[in-house]
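Here is the structure we will look at, set down as structure tokens.
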Amino acid sequence: MKPAPFGYRRPGSLAEALTAYADASDAKIGAGGQSLIPLLSMRLASVAELIDINGIEELSRITVSEDGVRFGATVRHSDLLAHEQVAAVQPMIPAALHHVAHATIRNRGTTVGSIVHADASGEMPTVFALLDGRLTVQSVRGTRELAAPELFIGPLETSLAADEIATEVFLPALAPRHGVAFDEIARRHGDYALVGVGAVVGLDADGAIASVRAGYVSVSEVPTVVDLGEPLVGHRGEITDDALRAAGELALSHLEPEADIHATAHYRAQLVRVLTGRVVRAAYDDAVARSNRSEGTPSNARS
Ligand SMILES: Cc1cc2nc3c(=O)[nH]c(=O)nc-3n(C[C@H](O)[C@H](O)[C@H](O)COP(=O)(O)OP(=O)(O)OC[C@H]3O[C@@H](n4cnc5c(N)ncnc54)[C@H](O)[C@@H]3O)c2cc1C
């Protein structure tokens with residue numbers, strides 16, 4: 001199918017884009033087009049004008065520092081995935097991006113676009129929430145920064161005003177003595193996840209678990225992060241199956257697995273249980289390995 005006719009602009013600077021967006025009525029920002037163009041083509045959405053931001057050089061940058069990773073609104077999923085320093089500073093980014101769609105879509109789709117598209121079945125909105133990311137949005141009226149709870153206000157719905165452009169995202173670096181893991185089940189690799197889980201585990205100075213947070217994909221209306229510390233904090237060495245089962249049940253009490261043509265609600269709930277255990281265990285092992293590498297101490301990981 002073809003989209004209904006729409007106007008098209010390709011500004012060469014952010015200032016020009018902000019003015020054009022403020023002056024337009026019924027306009028949308030076009031980034032990678034991997035969600036917007038199919039929606040327009042299937043006539044599930046329509047716009048009077050598309051403002052294409054791909055000609056704005058200043059939105060194409062990736063900056064990595066010891067504090068974290070900052071990337072602009074036209075940075076592709078594949079740019080971040082291929083960036084070695086990004087992986088070194090925040091390994092959750094490639095761990096999750098690896099599961100986003102197929103290579104051809106990652107080559108066009110932008111990570112900022114994915115976050116502001118706010119699909120709770122997308123990996124990167126959940127990663128943004130899990131890592132306490134910050135989104136910078138600009139309009140002719142000024143600039144503001146949003147965290148996940150302020151940004152995600154409903155299914156596929158954000159708090160961005162009609163004249164605001166998301167210009168960049170900042171994701172903090174992985175803290176010392178922390179580890180990450182991400183896994184998901186999809187019908188085929190590259191499909192949207194039936195359920196996806198990312199976890200960040202922190203250790204105290206003695207190597208015991210100090211914090212566990214997990215982010216969930218495809219089991220809630222908005223990207224959801226659950227604090228799983230209660231059954232797990234204080235564990236050292238092998239994490240017991242009972243503790244992991246309790247973590248899975250705790251997660252489920254915050255989630256709303258639903259049935260659709262791909263999976264029953266019961267199956268999704270079971271995936272939450274299984275993936276929570278698997279991912280928390282892997283993130284714990286990662287935290288132990290990273291701590292041992294940085295401190296040069298003998299491993300206290302499970303054998
Ligand atoms: C076959 C297929 C499979 C896919 N599988 C997955 C998957 O498994 N996991 C996953 O997470 N995603 C998946 N995607 C979606 C993909 O990741 C998209 O790239 C992403 O969701 C949107 O990014 P985009 O740059 O393409 O945004 P666009 O399609 O250009 O825009 C999406 C929406 O965000 C708005 N927008 C974009 N950028 C800005 C901005 N800077 N400021 C304000 N508004 C903005 C647009 O106006 C539009 O409403 C898939 C897509 C396809 C076609």
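Chain labels A, B, ... are given in the sequence in which chains occur in the structure tokens; within each chain residues are numbered consecutively from 1, and ligands are likewise numbered from 1 in the order shown.
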
Legend entry - Distance query stretch 56-67 of chain A at most 12 Å, only C-alpha atoms, self and fewer than 3 positions along chain excluded, as a PyMOL selection string: chain A and resi 9-18+30-31+51-53+70-77+79-90+110-113+133+136-137+165-176

Inset, instruction - Collect all residues with atoms no farther than 7 Å from ligand 1, counting only C-alpha atoms and all ligand atoms, and output them as number ranges by chain. - result: A: 28-38, 73, 99-102, 105-106, 108-114, 116-117, 121-124, 164-167, 190-193

Inset, instruction - Would you please extract all alpha helix (DSSP H) residues from stretch 53-238 of chain A, as assigned by DSSP on the backbone, and give them as a count of residues only? - result: 46

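Between atom CA of A:Val200 and atom CA of A:Ala251 there is a distance of 14.1 Å.
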
Inset, instruction - With a distance cut-off of 6 Å and only C-alpha atoms, select the neighbouring residues of stretch 228-233 of chain A, excluding the residue or stretch itself and same-chain residues fewer than 4 positions from it, and output the selection as a list in words. - result: Ile209, Ala210, Ser211, Val212, Arg213, Ala243 and Ala247 of chain A

Those selected residues, please, written with N, CA and C atoms and delivered as an mmCIF file, in the first residue's frame.
```cif
data_model
loop_
_atom_site.group_PDB
_atom_site.id
_atom_site.type_symbol
_atom_site.label_atom_id
_atom_site.label_comp_id
_atom_site.auth_asym_id
_atom_site.auth_seq_id
_atom_site.Cartn_x
_atom_site.Cartn_y
_atom_site.Cartn_z
ATOM 1 N N ILE A 209 25.275 -9.849 46.735
ATOM 2 C CA ILE A 209 24.364 -9.048 45.901
ATOM 3 C C ILE A 209 23.828 -7.863 46.711
ATOM 4 N N ALA A 210 23.975 -6.666 46.140
ATOM 5 C CA ALA A 210 23.500 -5.454 46.816
ATOM 6 C C ALA A 210 22.257 -4.879 46.137
ATOM 7 N N SER A 211 22.100 -5.128 44.846
ATOM 8 C CA SER A 211 20.928 -4.587 44.135
ATOM 9 C C SER A 211 20.649 -5.427 42.894
ATOM 10 N N VAL A 212 19.368 -5.550 42.568
ATOM 11 C CA VAL A 212 18.960 -6.242 41.336
ATOM 12 C C VAL A 212 17.765 -5.491 40.751
ATOM 13 N N ARG A 213 17.929 -5.027 39.519
ATOM 14 C CA ARG A 213 16.807 -4.400 38.814
ATOM 15 C C ARG A 213 16.647 -5.097 37.475
ATOM 16 N N ALA A 243 15.360 -18.635 45.296
ATOM 17 C CA ALA A 243 15.470 -17.165 45.259
ATOM 18 C C ALA A 243 15.121 -16.648 43.863
ATOM 19 N N ALA A 247 12.068 -14.254 42.662
ATOM 20 C CA ALA A 247 12.282 -13.037 41.853
ATOM 21 C C ALA A 247 11.314 -13.017 40.668
#
```

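The closest residue to A:Ala181, picked from A:Ser25, A:Thr276, A:Ser41, A:Ser253 and counting only C-alpha atoms, is A:Thr276.
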
Legend entry - Distance query stretch 140-157 of chain A at most 7 Å, only C-alpha atoms, self and fewer than 4 positions along chain excluded, as a PyMOL selection string: chain A and resi 18-19+22+117-119+128-129+132-136+221-222
